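The structure under discussion appears below in the form of structure tokens.
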Amino acid sequence: MKRLQSLLRRLERFPHTLVPKSILRLIESLNGASSSWGPGRALENWVHGQPWRKALPLPFQIEVPIFYEDARGQQRTSGMHYVLLPHEILGTFYQFEAADLMMKLTGGPGALAEFWSHEQTTEWFRNHPILRVTDPNFVIPFRLFGDGAESSRKQKFEILTLVLPVVSHANRSSATMDTRILISCMSGTYCNHYSRTRILETIAWSFEALSTGKYPRCDPWGRPFTAQYHPHRMRLAGKRIAGNYVGVLEAFQGDQDFIRILFSPSRFFPGNFAAIIAGHVNGFIKMTTPS
């Protein structure tokens with residue numbers, strides 16, 4: 001936050017005709033914040049007031065188990081975690097009144113067909129239950145990227161990101177801001193096998209919805225959406241997510257630790273994420289790791 005405020009103070013010295021009005025309003029809001037938590041609240045209020053905020057879906061809230069140690073030894077509790085759902089990202093991008101947002105997923109005219117043309121001779125493509133029967137111009141590939149990250153205070157986080165391979169292929173760009181969307185970030189202090197499982201089950205469920213092209217009627221564990229439970233998701237249930245578009249999990253991407261976590265034979269829960277996705281792609285799992 002201090003770095004942001006420092007940058008904005010420098011922008012404030014520019015002629016105001018050169019600075020977007022939305023940034024000037026943010027500067028004014030932060031300047032008016034009085035307490036230690038005020039700048040954070042001011043930034044949050046500013047974000048919610050921006051028109052592009054509608055291009056992001058509401059995060060999906062899940063309860064995850066948390067383990068920690070204190071003087072009494074290892075303790076277990078639970079906490080709330082928030083995930084941006086891949087199928088809802090596609091839906092909000094499609095509905096948002098800006099064509100360039102969908103191009104962030106599709107790569108532009110003809111990019112999807114050109115991307116898939118390089119895969120058509122592979123066994124993975126020929127046996128894929130979606131790709132073999134769907135017009136490639138309407139199949140959007142996503143990769144699930146997992147990695148660790150450190151903050152300025154050396155606290156570690158475990159992050160999950162959607163990678164958009166068709167964009168990097170079409171534009172020959174690998175810039176992080178152009179080709180990735182952060183969907184989950186959890187403190188490494190609390191992230192464990194159980195909480196990670198809960199998060200991955202949620203993402204797998206979202207990919208199943210992407211593959212059908214329709215909004216789901218139930219949550220990842222079979223509880224129906226109702227007027228009291230996720231009412232806005234109940235109103236979307238069964239509707240097309242983005243016209244004729246569907247999405248597929250094109251690959252996993254990450255270091256050896258991430259791949260080991262996903263596919264380790266010692267995974268402790270039945271029907272693990274690998275099995276869920278294997279069913280989604282008819283048993284053929286395509287994985288990529290950085291060289």
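Scheme for the structure tokens: letters A, B, ... for chains in order shown; per-chain residue numbers from 1; ligand numbers from 1 in order shown.
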
When DSSP works through the backbone of this structure, what residues of stretch 23-223 of chain A end up as alpha helix (DSSP H), shown as a ChimeraX atom specification? /A:23-31,38-48,86-95,99-106,111-117,123-126,165-171,176-179,193-212

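Non-sequential neighbours of A:Gly188 (distance at most 6 Å, separation of 3 or more positions within a chain, only C-alpha atoms) are Lys156, Phe157, Glu158 and Cys191 of chain A.
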
Residues as selected, N, CA, C and O atoms, written as a short mmCIF file (atom, residue, chain, number, x, y, z; two decimals), in the first residue's frame, can you do that?
```
data_model
loop_
_atom_site.label_atom_id
_atom_site.label_comp_id
_atom_site.auth_asym_id
_atom_site.auth_seq_id
_atom_site.Cartn_x
_atom_site.Cartn_y
_atom_site.Cartn_z
N LYS A 156 5.38 -17.16 2.78
CA LYS A 156 5.15 -17.91 1.55
C LYS A 156 3.66 -18.08 1.29
O LYS A 156 2.87 -18.24 2.22
N PHE A 157 3.31 -18.06 0.01
CA PHE A 157 1.94 -18.28 -0.41
C PHE A 157 1.92 -19.37 -1.47
O PHE A 157 2.88 -19.54 -2.22
N GLU A 158 0.83 -20.10 -1.52
CA GLU A 158 0.62 -21.07 -2.59
C GLU A 158 -0.44 -20.52 -3.52
O GLU A 158 -1.56 -20.24 -3.10
N CYS A 191 -1.76 -23.53 4.44
CA CYS A 191 -2.10 -24.44 3.35
C CYS A 191 -1.58 -25.84 3.66
O CYS A 191 -0.42 -26.03 4.04
#
```

I'd like to know which residues of stretch 81-276 of chain A are strand (DSSP E or B) (by DSSP, run on the backbone); could you write them as an MDAnalysis selection string? chainID A and resid 81:83 139:150 156:163 180:187 214 218 224 240 246:254

Please report the interatomic distance between atom CA of A:Thr134 and atom CA of A:Ile203 in Å with one decimal.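 Interatomic distance here is 22.6 Å.
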
Would you pick out the contacts of A:Phe225 at 10 Å or less, using only C-alpha atoms, so that residues sharing its chain but fewer than 4 positions from it are not included, and give the list as a list in words?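 Residues meeting the cut-off are Pro216, Arg217, Cys218, Asp219, Tyr229, His230, Pro231, His232, Arg233, Met234, Arg235, Leu236 and Ala237 of chain A.
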
Once you have the residues from the selection above, write them out as an mmCIF file, in the first residue's frame, restricted to N, CA, C and O atoms.
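File written: again.cif
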```cif
data_model
loop_
_atom_site.group_PDB
_atom_site.id
_atom_site.type_symbol
_atom_site.label_atom_id
_atom_site.label_comp_id
_atom_site.auth_asym_id
_atom_site.auth_seq_id
_atom_site.Cartn_x
_atom_site.Cartn_y
_atom_site.Cartn_z
ATOM 1 N N PRO A 216 -23.442 -24.498 -13.544
ATOM 2 C CA PRO A 216 -23.884 -25.644 -12.735
ATOM 3 C C PRO A 216 -25.085 -25.299 -11.858
ATOM 4 O O PRO A 216 -25.315 -24.138 -11.520
ATOM 5 N N ARG A 217 -25.815 -26.338 -11.478
ATOM 6 C CA ARG A 217 -26.979 -26.168 -10.613
ATOM 7 C C ARG A 217 -26.648 -26.424 -9.143
ATOM 8 O O ARG A 217 -27.435 -26.066 -8.266
ATOM 9 N N CYS A 218 -25.505 -27.066 -8.894
ATOM 10 C CA CYS A 218 -25.115 -27.429 -7.529
ATOM 11 C C CYS A 218 -23.685 -26.985 -7.273
ATOM 12 O O CYS A 218 -22.924 -26.708 -8.212
ATOM 13 N N ASP A 219 -23.304 -26.951 -6.010
ATOM 14 C CA ASP A 219 -21.923 -26.645 -5.665
ATOM 15 C C ASP A 219 -21.056 -27.893 -5.871
ATOM 16 O O ASP A 219 -21.567 -28.948 -6.281
ATOM 17 N N TYR A 229 -29.102 -19.967 -0.783
ATOM 18 C CA TYR A 229 -27.719 -20.433 -0.920
ATOM 19 C C TYR A 229 -27.215 -20.064 -2.310
ATOM 20 O O TYR A 229 -27.625 -20.643 -3.302
ATOM 21 N N HIS A 230 -26.354 -19.061 -2.381
ATOM 22 C CA HIS A 230 -25.837 -18.539 -3.654
ATOM 23 C C HIS A 230 -26.979 -18.193 -4.620
ATOM 24 O O HIS A 230 -27.073 -18.762 -5.717
ATOM 25 N N PRO A 231 -27.863 -17.270 -4.242
ATOM 26 C CA PRO A 231 -29.025 -16.968 -5.094
ATOM 27 C C PRO A 231 -28.659 -16.486 -6.494
ATOM 28 O O PRO A 231 -29.357 -16.812 -7.463
ATOM 29 N N HIS A 232 -27.557 -15.716 -6.631
ATOM 30 C CA HIS A 232 -27.194 -15.242 -7.971
ATOM 31 C C HIS A 232 -26.728 -16.400 -8.844
ATOM 32 O O HIS A 232 -26.904 -16.375 -10.066
ATOM 33 N N ARG A 233 -26.159 -17.438 -8.236
ATOM 34 C CA ARG A 233 -25.761 -18.617 -9.009
ATOM 35 C C ARG A 233 -26.978 -19.482 -9.336
ATOM 36 O O ARG A 233 -27.008 -20.159 -10.362
ATOM 37 N N MET A 234 -27.983 -19.468 -8.475
ATOM 38 C CA MET A 234 -29.226 -20.178 -8.773
ATOM 39 C C MET A 234 -29.888 -19.588 -10.017
ATOM 40 O O MET A 234 -30.407 -20.324 -10.872
ATOM 41 N N ARG A 235 -29.845 -18.258 -10.147
ATOM 42 C CA ARG A 235 -30.487 -17.609 -11.296
ATOM 43 C C ARG A 235 -29.778 -17.937 -12.610
ATOM 44 O O ARG A 235 -30.381 -17.877 -13.683
ATOM 45 N N LEU A 236 -28.501 -18.284 -12.530
ATOM 46 C CA LEU A 236 -27.747 -18.622 -13.741
ATOM 47 C C LEU A 236 -27.770 -20.113 -14.058
ATOM 48 O O LEU A 236 -27.415 -20.516 -15.173
ATOM 49 N N ALA A 237 -28.178 -20.943 -13.113
ATOM 50 C CA ALA A 237 -28.074 -22.400 -13.248
ATOM 51 C C ALA A 237 -28.715 -22.904 -14.538
ATOM 52 O O ALA A 237 -29.856 -22.563 -14.859
#
```

Quick one: residues within 7 Å of A:Gly146, only C-alpha atoms counted, chain neighbours fewer than 4 positions away excluded, as number ranges by chain? A: 159-161, 253-254, 258

Write the residues of the preceding selection, restricted to all heavy atoms, as an mmCIF file, in the first residue's frame.
```cif
data_model
loop_
_atom_site.group_PDB
_atom_site.id
_atom_site.type_symbol
_atom_site.label_atom_id
_atom_site.label_comp_id
_atom_site.auth_asym_id
_atom_site.auth_seq_id
_atom_site.Cartn_x
_atom_site.Cartn_y
_atom_site.Cartn_z
ATOM 1 N N ILE A 159 -0.067 -20.351 -4.778
ATOM 2 C CA ILE A 159 -0.970 -19.702 -5.722
ATOM 3 C C ILE A 159 -1.360 -20.663 -6.839
ATOM 4 O O ILE A 159 -0.605 -21.542 -7.225
ATOM 5 C CB ILE A 159 -0.338 -18.431 -6.328
ATOM 6 C CG1 ILE A 159 0.930 -18.780 -7.124
ATOM 7 C CG2 ILE A 159 -0.032 -17.409 -5.252
ATOM 8 C CD1 ILE A 159 1.499 -17.619 -7.901
ATOM 9 N N LEU A 160 -2.570 -20.472 -7.344
ATOM 10 C CA LEU A 160 -3.066 -21.191 -8.510
ATOM 11 C C LEU A 160 -3.515 -20.154 -9.524
ATOM 12 O O LEU A 160 -4.230 -19.207 -9.184
ATOM 13 C CB LEU A 160 -4.224 -22.116 -8.135
ATOM 14 C CG LEU A 160 -3.868 -23.292 -7.225
ATOM 15 C CD1 LEU A 160 -5.127 -24.012 -6.769
ATOM 16 C CD2 LEU A 160 -2.934 -24.262 -7.933
ATOM 17 N N THR A 161 -3.089 -20.351 -10.758
ATOM 18 C CA THR A 161 -3.318 -19.360 -11.797
ATOM 19 C C THR A 161 -3.832 -20.036 -13.060
ATOM 20 O O THR A 161 -3.416 -21.145 -13.391
ATOM 21 C CB THR A 161 -2.000 -18.625 -12.134
ATOM 22 O OG1 THR A 161 -1.417 -18.134 -10.933
ATOM 23 C CG2 THR A 161 -2.237 -17.468 -13.077
ATOM 24 N N GLN A 253 0.616 -26.945 -15.470
ATOM 25 C CA GLN A 253 1.931 -26.331 -15.590
ATOM 26 C C GLN A 253 2.434 -25.992 -14.195
ATOM 27 O O GLN A 253 1.686 -25.488 -13.358
ATOM 28 C CB GLN A 253 1.859 -25.057 -16.442
ATOM 29 C CG GLN A 253 3.204 -24.403 -16.703
ATOM 30 C CD GLN A 253 3.086 -23.248 -17.688
ATOM 31 O OE1 GLN A 253 2.137 -23.171 -18.454
ATOM 32 N NE2 GLN A 253 4.044 -22.355 -17.655
ATOM 33 N N GLY A 254 3.695 -26.296 -13.940
ATOM 34 C CA GLY A 254 4.253 -26.002 -12.627
ATOM 35 C C GLY A 254 5.570 -26.711 -12.436
ATOM 36 O O GLY A 254 6.035 -27.443 -13.315
ATOM 37 N N PHE A 258 4.673 -29.052 -7.528
ATOM 38 C CA PHE A 258 3.247 -28.922 -7.821
ATOM 39 C C PHE A 258 2.710 -30.182 -8.494
ATOM 40 O O PHE A 258 1.641 -30.689 -8.134
ATOM 41 C CB PHE A 258 3.011 -27.704 -8.716
ATOM 42 C CG PHE A 258 1.569 -27.524 -9.124
ATOM 43 C CD1 PHE A 258 0.589 -27.278 -8.177
ATOM 44 C CD2 PHE A 258 1.201 -27.607 -10.457
ATOM 45 C CE1 PHE A 258 -0.741 -27.115 -8.551
ATOM 46 C CE2 PHE A 258 -0.124 -27.441 -10.839
ATOM 47 C CZ PHE A 258 -1.094 -27.196 -9.885
#
```

Report, in Å with one decimal, the straight-line distance from atom CA of A:Leu7 to atom CA of A:Pro39.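 Atom-to-atom, atom CA of A:Leu7 and atom CA of A:Pro39 are spaced 13.9 Å apart.
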
At a cut-off of 9 Å, using only C-alpha atoms, what residues contact A:Leu58? Leave out same-chain residues fewer than 5 positions from it and give the result as a compact mmCIF listing (two decimals) with C-alpha atoms, in the first residue's frame.
```txt
# COMPACT_ATOMS: atom_id res chain seq x y z
CA VAL A 83 -11.58 -18.81 -5.34
CA LEU A 84 -12.32 -17.18 -8.69
CA LEU A 85 -14.08 -19.87 -10.70
CA GLU A 88 -17.49 -17.67 -14.13
```
